Structures are given as C-alpha cells and as structure tokens.
>>> print(open('work.pdb').read())   # PDB, C-alpha atoms and all ligand atoms
MODEL        1
ATOM      1  CA  MET A   1      -2.345  -8.430 -39.551  1.00  0.00           C
ATOM      2  CA  ASP A   2      -2.126 -10.520 -36.397  1.00  0.00           C
ATOM      3  CA  ILE A   3      -3.493  -8.421 -33.508  1.00  0.00           C
ATOM      4  CA  ASN A   4      -0.491  -9.055 -31.235  1.00  0.00           C
ATOM      5  CA  LYS A   5       1.848  -7.884 -33.977  1.00  0.00           C
ATOM      6  CA  LYS A   6      -0.290  -4.755 -34.448  1.00  0.00           C
ATOM      7  CA  LEU A   7      -0.117  -3.979 -30.701  1.00  0.00           C
ATOM      8  CA  VAL A   8       3.660  -4.470 -30.784  1.00  0.00           C
ATOM      9  CA  GLU A   9       3.947  -1.961 -33.627  1.00  0.00           C
ATOM     10  CA  GLU A  10       1.692   0.557 -31.869  1.00  0.00           C
ATOM     11  CA  ALA A  11       3.667   0.260 -28.616  1.00  0.00           C
ATOM     12  CA  LEU A  12       6.954   0.736 -30.478  1.00  0.00           C
ATOM     13  CA  LYS A  13       5.575   3.800 -32.272  1.00  0.00           C
ATOM     14  CA  SER A  14       4.254   5.284 -29.009  1.00  0.00           C
ATOM     15  CA  ARG A  15       7.615   4.836 -27.346  1.00  0.00           C
ATOM     16  CA  ASN A  16       8.913   7.608 -29.636  1.00  0.00           C
ATOM     17  CA  ASN A  17       6.500  10.031 -27.940  1.00  0.00           C
ATOM     18  CA  ALA A  18       7.891   9.404 -24.445  1.00  0.00           C
ATOM     19  CA  TYR A  19       8.636  12.480 -22.366  1.00  0.00           C
ATOM     20  CA  ALA A  20      11.426  11.069 -20.220  1.00  0.00           C
ATOM     21  CA  PRO A  21      14.135  13.728 -19.787  1.00  0.00           C
ATOM     22  CA  TYR A  22      14.943  12.596 -16.217  1.00  0.00           C
ATOM     23  CA  SER A  23      15.278   8.835 -16.544  1.00  0.00           C
ATOM     24  CA  ASN A  24      15.959   8.730 -20.291  1.00  0.00           C
ATOM     25  CA  PHE A  25      13.994   5.478 -20.131  1.00  0.00           C
ATOM     26  CA  GLN A  26      11.423   5.614 -22.903  1.00  0.00           C
ATOM     27  CA  VAL A  27       8.375   3.382 -22.694  1.00  0.00           C
ATOM     28  CA  GLY A  28       5.517   2.730 -25.102  1.00  0.00           C
ATOM     29  CA  ALA A  29       2.313   0.815 -24.470  1.00  0.00           C
ATOM     30  CA  ALA A  30      -0.731  -0.234 -26.455  1.00  0.00           C
ATOM     31  CA  VAL A  31      -3.916  -1.756 -25.081  1.00  0.00           C
ATOM     32  CA  LEU A  32      -6.678  -3.663 -26.808  1.00  0.00           C
ATOM     33  CA  THR A  33     -10.160  -3.064 -25.447  1.00  0.00           C
ATOM     34  CA  GLU A  34     -12.802  -5.780 -25.243  1.00  0.00           C
ATOM     35  CA  ASP A  35     -14.502  -4.217 -28.271  1.00  0.00           C
ATOM     36  CA  ASP A  36     -11.251  -4.304 -30.270  1.00  0.00           C
ATOM     37  CA  GLU A  37     -10.170  -0.673 -30.116  1.00  0.00           C
ATOM     38  CA  ILE A  38      -6.487   0.119 -29.687  1.00  0.00           C
ATOM     39  CA  TYR A  39      -5.262   2.888 -27.371  1.00  0.00           C
ATOM     40  CA  SER A  40      -1.614   3.719 -26.938  1.00  0.00           C
ATOM     41  CA  GLY A  41       0.498   5.683 -24.501  1.00  0.00           C
ATOM     42  CA  CYS A  42       4.004   6.711 -23.504  1.00  0.00           C
ATOM     43  CA  ASN A  43       5.562   7.581 -20.168  1.00  0.00           C
ATOM     44  CA  ILE A  44       5.306  11.230 -19.172  1.00  0.00           C
ATOM     45  CA  GLU A  45       7.756  12.419 -16.518  1.00  0.00           C
ATOM     46  CA  ASN A  46       7.838  15.504 -14.347  1.00  0.00           C
ATOM     47  CA  ALA A  47      10.552  17.691 -12.788  1.00  0.00           C
ATOM     48  CA  SER A  48       8.958  16.908  -9.439  1.00  0.00           C
ATOM     49  CA  TYR A  49       9.365  13.178 -10.246  1.00  0.00           C
ATOM     50  CA  THR A  50       6.355  11.735  -8.391  1.00  0.00           C
ATOM     51  CA  PRO A  51       3.727  13.026 -10.852  1.00  0.00           C
ATOM     52  CA  THR A  52       5.335  10.808 -13.522  1.00  0.00           C
ATOM     53  CA  VAL A  53       2.870   8.531 -15.275  1.00  0.00           C
ATOM     54  CA  CYS A  54       3.826   5.256 -16.924  1.00  0.00           C
ATOM     55  CA  ALA A  55       3.006   4.441 -20.537  1.00  0.00           C
ATOM     56  CA  GLU A  56       0.577   1.679 -19.559  1.00  0.00           C
ATOM     57  CA  ARG A  57      -1.531   3.992 -17.414  1.00  0.00           C
ATOM     58  CA  VAL A  58      -1.642   6.704 -20.082  1.00  0.00           C
ATOM     59  CA  ALA A  59      -2.969   4.150 -22.598  1.00  0.00           C
ATOM     60  CA  ILE A  60      -5.497   2.668 -20.146  1.00  0.00           C
ATOM     61  CA  PHE A  61      -6.794   6.042 -18.954  1.00  0.00           C
ATOM     62  CA  LYS A  62      -7.305   7.196 -22.543  1.00  0.00           C
ATOM     63  CA  ALA A  63      -9.369   4.058 -23.202  1.00  0.00           C
ATOM     64  CA  VAL A  64     -11.408   4.440 -20.018  1.00  0.00           C
ATOM     65  CA  TYR A  65     -12.031   8.122 -20.703  1.00  0.00           C
ATOM     66  CA  ASP A  66     -13.493   7.079 -24.072  1.00  0.00           C
ATOM     67  CA  GLY A  67     -15.805   4.599 -22.338  1.00  0.00           C
ATOM     68  CA  HIS A  68     -13.831   1.368 -22.852  1.00  0.00           C
ATOM     69  CA  LYS A  69     -13.674  -0.106 -19.372  1.00  0.00           C
ATOM     70  CA  LYS A  70     -12.570  -3.644 -20.267  1.00  0.00           C
ATOM     71  CA  ILE A  71      -9.069  -4.336 -21.520  1.00  0.00           C
ATOM     72  CA  LYS A  72      -8.014  -7.709 -22.892  1.00  0.00           C
ATOM     73  CA  LYS A  73      -4.404  -7.098 -23.930  1.00  0.00           C
ATOM     74  CA  VAL A  74      -1.603  -4.767 -22.818  1.00  0.00           C
ATOM     75  CA  ALA A  75       1.647  -4.492 -24.826  1.00  0.00           C
ATOM     76  CA  ILE A  76       4.728  -2.830 -23.326  1.00  0.00           C
ATOM     77  CA  VAL A  77       8.147  -1.858 -24.617  1.00  0.00           C
ATOM     78  CA  GLY A  78      10.874  -0.145 -22.611  1.00  0.00           C
ATOM     79  CA  LYS A  79      14.589  -0.480 -23.343  1.00  0.00           C
ATOM     80  CA  LEU A  80      14.944  -2.096 -26.759  1.00  0.00           C
ATOM     81  CA  GLY A  81      16.452  -5.565 -26.513  1.00  0.00           C
ATOM     82  CA  ASP A  82      15.132  -6.135 -22.972  1.00  0.00           C
ATOM     83  CA  TYR A  83      11.734  -7.134 -21.694  1.00  0.00           C
ATOM     84  CA  THR A  84      10.093  -4.463 -19.521  1.00  0.00           C
ATOM     85  CA  PHE A  85       7.312  -5.595 -17.202  1.00  0.00           C
ATOM     86  CA  PRO A  86       4.646  -3.277 -15.775  1.00  0.00           C
ATOM     87  CA  CYS A  87       5.441  -1.681 -12.409  1.00  0.00           C
ATOM     88  CA  GLY A  88       3.335  -2.481  -9.338  1.00  0.00           C
ATOM     89  CA  VAL A  89       1.137   0.592  -9.673  1.00  0.00           C
ATOM     90  CA  CYS A  90       0.338  -0.236 -13.307  1.00  0.00           C
ATOM     91  CA  ARG A  91      -0.415  -3.857 -12.387  1.00  0.00           C
ATOM     92  CA  GLN A  92      -3.027  -2.581  -9.949  1.00  0.00           C
ATOM     93  CA  VAL A  93      -4.506  -0.253 -12.585  1.00  0.00           C
ATOM     94  CA  ILE A  94      -4.561  -3.073 -15.157  1.00  0.00           C
ATOM     95  CA  ARG A  95      -6.292  -5.201 -12.506  1.00  0.00           C
ATOM     96  CA  GLU A  96      -9.100  -2.661 -12.251  1.00  0.00           C
ATOM     97  CA  PHE A  97      -9.952  -2.843 -15.963  1.00  0.00           C
ATOM     98  CA  CYS A  98      -8.729  -6.236 -17.176  1.00  0.00           C
ATOM     99  CA  THR A  99     -10.827  -9.071 -18.537  1.00  0.00           C
ATOM    100  CA  THR A 100     -10.411 -12.422 -16.758  1.00  0.00           C
ATOM    101  CA  ASP A 101      -8.254 -13.736 -19.633  1.00  0.00           C
ATOM    102  CA  CYS A 102      -6.219 -10.529 -20.080  1.00  0.00           C
ATOM    103  CA  GLU A 103      -2.783 -10.987 -21.689  1.00  0.00           C
ATOM    104  CA  ILE A 104       0.391  -8.964 -21.274  1.00  0.00           C
ATOM    105  CA  ILE A 105       2.750  -8.701 -24.236  1.00  0.00           C
ATOM    106  CA  VAL A 106       6.307  -7.741 -23.337  1.00  0.00           C
ATOM    107  CA  ILE A 107       8.416  -6.576 -26.246  1.00  0.00           C
ATOM    108  CA  LYS A 108      12.137  -6.745 -26.937  1.00  0.00           C
ATOM    109  CA  ASN A 109      11.859  -5.459 -30.502  1.00  0.00           C
ATOM    110  CA  LYS A 110       9.527  -5.677 -33.519  1.00  0.00           C
ATOM    111  CA  GLU A 111      10.212  -9.394 -33.995  1.00  0.00           C
ATOM    112  CA  GLU A 112      10.786 -10.590 -30.426  1.00  0.00           C
ATOM    113  CA  TYR A 113       7.958 -10.452 -27.926  1.00  0.00           C
ATOM    114  CA  GLN A 114       6.307 -12.805 -25.502  1.00  0.00           C
ATOM    115  CA  THR A 115       2.824 -13.153 -24.130  1.00  0.00           C
ATOM    116  CA  LEU A 116       1.838 -14.033 -20.590  1.00  0.00           C
ATOM    117  CA  LYS A 117      -1.395 -14.182 -18.690  1.00  0.00           C
ATOM    118  CA  PHE A 118      -2.002 -11.158 -16.477  1.00  0.00           C
ATOM    119  CA  THR A 119      -2.984 -13.464 -13.597  1.00  0.00           C
ATOM    120  CA  GLU A 120       0.491 -15.052 -13.851  1.00  0.00           C
ATOM    121  CA  LEU A 121       2.043 -11.627 -13.439  1.00  0.00           C
ATOM    122  CA  PHE A 122      -0.276 -10.513 -10.648  1.00  0.00           C
ATOM    123  CA  PRO A 123      -1.787 -13.431  -8.736  1.00  0.00           C
ATOM    124  CA  HIS A 124      -3.929 -13.123  -5.595  1.00  0.00           C
ATOM    125  CA  SER A 125      -4.792  -9.529  -6.486  1.00  0.00           C
ATOM    126  CA  PHE A 126      -7.170  -7.105  -4.858  1.00  0.00           C
ATOM    127  CA  GLY A 127      -9.788  -5.841  -7.295  1.00  0.00           C
ATOM    128  CA  PRO A 128     -13.299  -4.438  -7.649  1.00  0.00           C
ATOM    129  CA  ASP A 129     -14.849  -7.784  -6.685  1.00  0.00           C
ATOM    130  CA  SER A 130     -12.811  -7.928  -3.443  1.00  0.00           C
ATOM    131  CA  LEU A 131     -14.847  -5.155  -1.821  1.00  0.00           C
TER     132      LEU A 131
HETATM  133  O1  LIG A 201       6.523  -0.564 -17.090  1.00  0.00           O
HETATM  134  C1  LIG A 201       7.001   0.583 -16.988  1.00  0.00           C
HETATM  135  C2  LIG A 201       8.154   0.862 -16.230  1.00  0.00           C
HETATM  136  C3  LIG A 201       8.616   2.164 -16.174  1.00  0.00           C
HETATM  137  N1  LIG A 201       7.958   3.158 -16.845  1.00  0.00           N
HETATM  138  C4  LIG A 201       8.499   4.524 -16.837  1.00  0.00           C
HETATM  139  C5  LIG A 201       8.317   5.342 -15.595  1.00  0.00           C
HETATM  140  C6  LIG A 201       9.479   6.304 -15.705  1.00  0.00           C
HETATM  141  O2  LIG A 201       9.123   7.394 -16.557  1.00  0.00           O
HETATM  142  C7  LIG A 201      10.564   5.506 -16.409  1.00  0.00           C
HETATM  143  C8  LIG A 201      11.616   4.959 -15.472  1.00  0.00           C
HETATM  144  O3  LIG A 201      11.033   4.238 -14.433  1.00  0.00           O
HETATM  145  O4  LIG A 201       9.895   4.448 -17.058  1.00  0.00           O
HETATM  146  C9  LIG A 201       6.838   2.892 -17.596  1.00  0.00           C
HETATM  147  O5  LIG A 201       6.287   3.782 -18.245  1.00  0.00           O
HETATM  148  N2  LIG A 201       6.384   1.627 -17.603  1.00  0.00           N
HETATM  149 ZN    ZN A 202       3.874   1.665 -14.193  1.00  0.00          ZN
ENDMDL
END
>>> encode(input="work.pdb", output="structure tokens", more="lines below")
Ligand SMILES: O=c1ccn([C@H]2C[C@H](O)[C@@H](CO)O2)c(=O)[nH]1
Ligand SMILES: [Zn+2]
Amino acid sequence: MDINKKLVEEALKSRNNAYAPYSNFQVGAAVLTEDDEIYSGCNIENASYTPTVCAERVAIFKAVYDGHKKIKKVAIVGKLGDYTFPCGVCRQVIREFCTTDCEIIVIKNKEEYQTLKFTELFPHSFGPDSL
C-alpha cells in the first residue's frame, strides 16, 4: 500500500482513541520515521486544560522515546470533512525532529487528503541549528 495512504489510515484509527471530553474535538496523528517506522497518537486532554497534549506530539514523543529522532512525514486528522493543521506548539516540536524534506499530510477523510512541505507550513523557523 502507498505509504501516505497507510499513514492516513493509521491517523484515522488513532483518532478513535482520543481522550477529548472537554473540547469534544478528536484528533489522530501518524508519523513516519526516517527508518520507515510508523508511530501514532491521539490528543489527550486534562480537567486542568493546560496539560492537554495534541495528537501530533503524542505520536512524535513515542517515536523519539523509541530512539527515532528523525521524522519525514506527519499525518493529521481532526474534524472529519475539514482539514486540521498542526498548532504552533506542535509545529515547533515537529521542527525539532523533522527531516529537511518533511511532509505534512492533512486529512479530510479516508479518500481526501493533501500533502504539503513542512517548510511551507513553518518557514523561517528556529531549530537546533539556530543555536
Ligand atoms: O492539530 C491539532 C489541533 C488540536 N489538537 C487538539 C488539542 C485539543 O485537545 C483539541 C482542541 O484544540 O484538539 C490536536 O491534537 N492537534
Ligand atoms: Zn498541537
């Protein structure tokens, strides 16, 4: 199966695991590491609100914990039928671990998704090489 399609399916599946009783906005994400492993995540909210973690960061942190520090694709699905783009905090976290040609896949549903370059989404960023 086409890898983008596989990431779309994993993100959609992960969305079902969202813990989002406060916003009722369920999000799923799937990332592809440089060595072709897939890690997925969902958003996990909190009664105190600020500890909430987005789906993208859950997926990325799982990958990094397992030793995969380079990510070449990130797929995201929020409200079905709409494109959901990563929030600012997640863009910065993606920036930390992305490859130079990293792609973002935003998903409307199983059949409709679009791909964009991460640098298009987050130009002029501050990253590890800025220090
Ligand atoms: O790209 C996004 C945008 C929002 N959220 C989550 C955070 C919160 O739980 C809910 C509403 O903002 O959606 C994500 O997981 N990823
Ligand atoms: Zn986020």
>>> axis_aligned_box(input="work.pdb", around="region 47-63 of chain A", padding_each_side="8 Å", output="lines of an AutoDock Vina configuration file")
center_x = 0.6
center_y = 9.7
center_z = -15.8
size_x = 35.9
size_y = 32.0
size_z = 30.8
>>> residues_near_ligand(input="work.pdb", ligand="ligand LIG 201 (chain A)", cutoff="10 Å", atoms="all atoms listed in the file", output="ChimeraX atom specification")
/A:15,18-29,41-46,49-58,75-79,83-91,106
>>> residues_near_point(input="work.pdb", point="(-4.2, -10.0, -6.2)", cutoff="12 Å", atoms="only C-alpha atoms", output="mmCIF file with C-alpha atoms, in the coordinates of the input")
data_model
loop_
_atom_site.group_PDB
_atom_site.id
_atom_site.type_symbol
_atom_site.label_atom_id
_atom_site.label_comp_id
_atom_site.auth_asym_id
_atom_site.auth_seq_id
_atom_site.Cartn_x
_atom_site.Cartn_y
_atom_site.Cartn_z
ATOM 1 C CA GLY A 88 3.335 -2.481 -9.338
ATOM 2 C CA ARG A 91 -0.415 -3.857 -12.387
ATOM 3 C CA GLN A 92 -3.027 -2.581 -9.949
ATOM 4 C CA VAL A 93 -4.506 -0.253 -12.585
ATOM 5 C CA ILE A 94 -4.561 -3.073 -15.157
ATOM 6 C CA ARG A 95 -6.292 -5.201 -12.506
ATOM 7 C CA GLU A 96 -9.100 -2.661 -12.251
ATOM 8 C CA PHE A 118 -2.002 -11.158 -16.477
ATOM 9 C CA THR A 119 -2.984 -13.464 -13.597
ATOM 10 C CA GLU A 120 0.491 -15.052 -13.851
ATOM 11 C CA LEU A 121 2.043 -11.627 -13.439
ATOM 12 C CA PHE A 122 -0.276 -10.513 -10.648
ATOM 13 C CA PRO A 123 -1.787 -13.431 -8.736
ATOM 14 C CA HIS A 124 -3.929 -13.123 -5.595
ATOM 15 C CA SER A 125 -4.792 -9.529 -6.486
ATOM 16 C CA PHE A 126 -7.170 -7.105 -4.858
ATOM 17 C CA GLY A 127 -9.788 -5.841 -7.295
ATOM 18 C CA PRO A 128 -13.299 -4.438 -7.649
ATOM 19 C CA ASP A 129 -14.849 -7.784 -6.685
ATOM 20 C CA SER A 130 -12.811 -7.928 -3.443
#
>>> residues_around(input="work.pdb", residues="Ile105 (chain A)", least_positions_apart="2", cutoff="8 Å", atoms="all atoms listed in the file", output="JSON, numbers by chain")
{"A": [4, 8, 73, 74, 75, 76, 103, 107, 113, 114, 115, 116]}
>>> resolve_selection(input="work.pdb", expression="the PyMOL selection byres (((chain A and resi 62) around 12) and not hetatm)", output="list in words")
Ala29, Ala30, Val31, Leu32, Thr33, Glu37, Ile38, Tyr39, Ser40, Gly41, Cys42, Ala55, Glu56, Arg57, Val58, Ala59, Ile60, Phe61, Ala63, Val64, Tyr65, Asp66, Gly67, His68, Lys69 and Ile71 of chain A
>>> atom_distance(input="work.pdb", atom1="CA of Ala11 (chain A)", atom2="CA of Asn109 (chain A)")
10.2 Å
>>> residues_near_point(input="work.pdb", point="(6.8, -5.4, -34.8)", cutoff="6 Å", atoms="all atoms listed in the file", output="MDAnalysis selection string")
chainID A and resid 5 8:9 110:111
>>> atom_distance(input="work.pdb", atom1="CA of Glu34 (chain A)", atom2="CA of Ile104 (chain A)")
14.1 Å
>>> atom_distance(input="work.pdb", atom1="CA of Gly81 (chain A)", atom2="CA of Asp36 (chain A)")
28.0 Å
>>> build_atoms(input="work.pdb", residues="region 63-85 of chain A", atoms="N, CA and C atoms", output="short mmCIF file (atom, residue, chain, number, x, y, z; two decimals), keeping the file's coordinate frame")
data_model
loop_
_atom_site.label_atom_id
_atom_site.label_comp_id
_atom_site.auth_asym_id
_atom_site.auth_seq_id
_atom_site.Cartn_x
_atom_site.Cartn_y
_atom_site.Cartn_z
N ALA A 63 -8.30 5.00 -22.83
CA ALA A 63 -9.37 4.06 -23.20
C ALA A 63 -10.58 4.24 -22.28
N VAL A 64 -10.31 4.32 -20.99
CA VAL A 64 -11.41 4.44 -20.02
C VAL A 64 -12.15 5.76 -20.22
N TYR A 65 -11.39 6.82 -20.47
CA TYR A 65 -12.03 8.12 -20.70
C TYR A 65 -13.02 8.03 -21.87
N ASP A 66 -12.64 7.25 -22.89
CA ASP A 66 -13.49 7.08 -24.07
C ASP A 66 -14.60 6.04 -23.86
N GLY A 67 -14.70 5.51 -22.65
CA GLY A 67 -15.80 4.60 -22.34
C GLY A 67 -15.49 3.12 -22.46
N HIS A 68 -14.22 2.79 -22.72
CA HIS A 68 -13.83 1.37 -22.85
C HIS A 68 -13.26 0.90 -21.52
N LYS A 69 -14.08 0.22 -20.74
CA LYS A 69 -13.67 -0.11 -19.37
C LYS A 69 -13.18 -1.53 -19.22
N LYS A 70 -13.10 -2.26 -20.31
CA LYS A 70 -12.57 -3.64 -20.27
C LYS A 70 -11.41 -3.77 -21.24
N ILE A 71 -10.29 -4.22 -20.71
CA ILE A 71 -9.07 -4.34 -21.52
C ILE A 71 -8.61 -5.78 -21.57
N LYS A 72 -8.37 -6.29 -22.79
CA LYS A 72 -8.01 -7.71 -22.89
C LYS A 72 -6.56 -7.97 -23.24
N LYS A 73 -5.84 -6.94 -23.67
CA LYS A 73 -4.40 -7.10 -23.93
C LYS A 73 -3.68 -5.80 -23.61
N VAL A 74 -2.46 -5.93 -23.07
CA VAL A 74 -1.60 -4.77 -22.82
C VAL A 74 -0.21 -5.10 -23.34
N ALA A 75 0.29 -4.29 -24.28
CA ALA A 75 1.65 -4.49 -24.83
C ALA A 75 2.56 -3.39 -24.30
N ILE A 76 3.78 -3.78 -23.94
CA ILE A 76 4.73 -2.83 -23.33
C ILE A 76 6.11 -2.98 -23.92
N VAL A 77 6.73 -1.84 -24.22
CA VAL A 77 8.15 -1.86 -24.62
C VAL A 77 8.89 -0.74 -23.88
N GLY A 78 10.00 -1.12 -23.27
CA GLY A 78 10.87 -0.14 -22.61
C GLY A 78 12.19 -0.10 -23.37
N LYS A 79 13.27 -0.45 -22.69
CA LYS A 79 14.59 -0.48 -23.34
C LYS A 79 14.58 -1.54 -24.45
N LEU A 80 14.95 -1.14 -25.65
CA LEU A 80 14.94 -2.10 -26.76
C LEU A 80 15.97 -3.20 -26.50
N GLY A 81 15.55 -4.43 -26.75
CA GLY A 81 16.45 -5.56 -26.51
C GLY A 81 16.26 -6.22 -25.16
N ASP A 82 15.46 -5.57 -24.30
CA ASP A 82 15.13 -6.14 -22.97
C ASP A 82 13.62 -6.23 -22.84
N TYR A 83 13.16 -7.12 -22.01
CA TYR A 83 11.73 -7.13 -21.69
C TYR A 83 11.49 -6.21 -20.51
N THR A 84 10.50 -5.33 -20.63
CA THR A 84 10.09 -4.46 -19.52
C THR A 84 8.71 -4.91 -19.07
N PHE A 85 8.59 -5.15 -17.78
CA PHE A 85 7.31 -5.60 -17.20
C PHE A 85 6.65 -4.42 -16.47
#
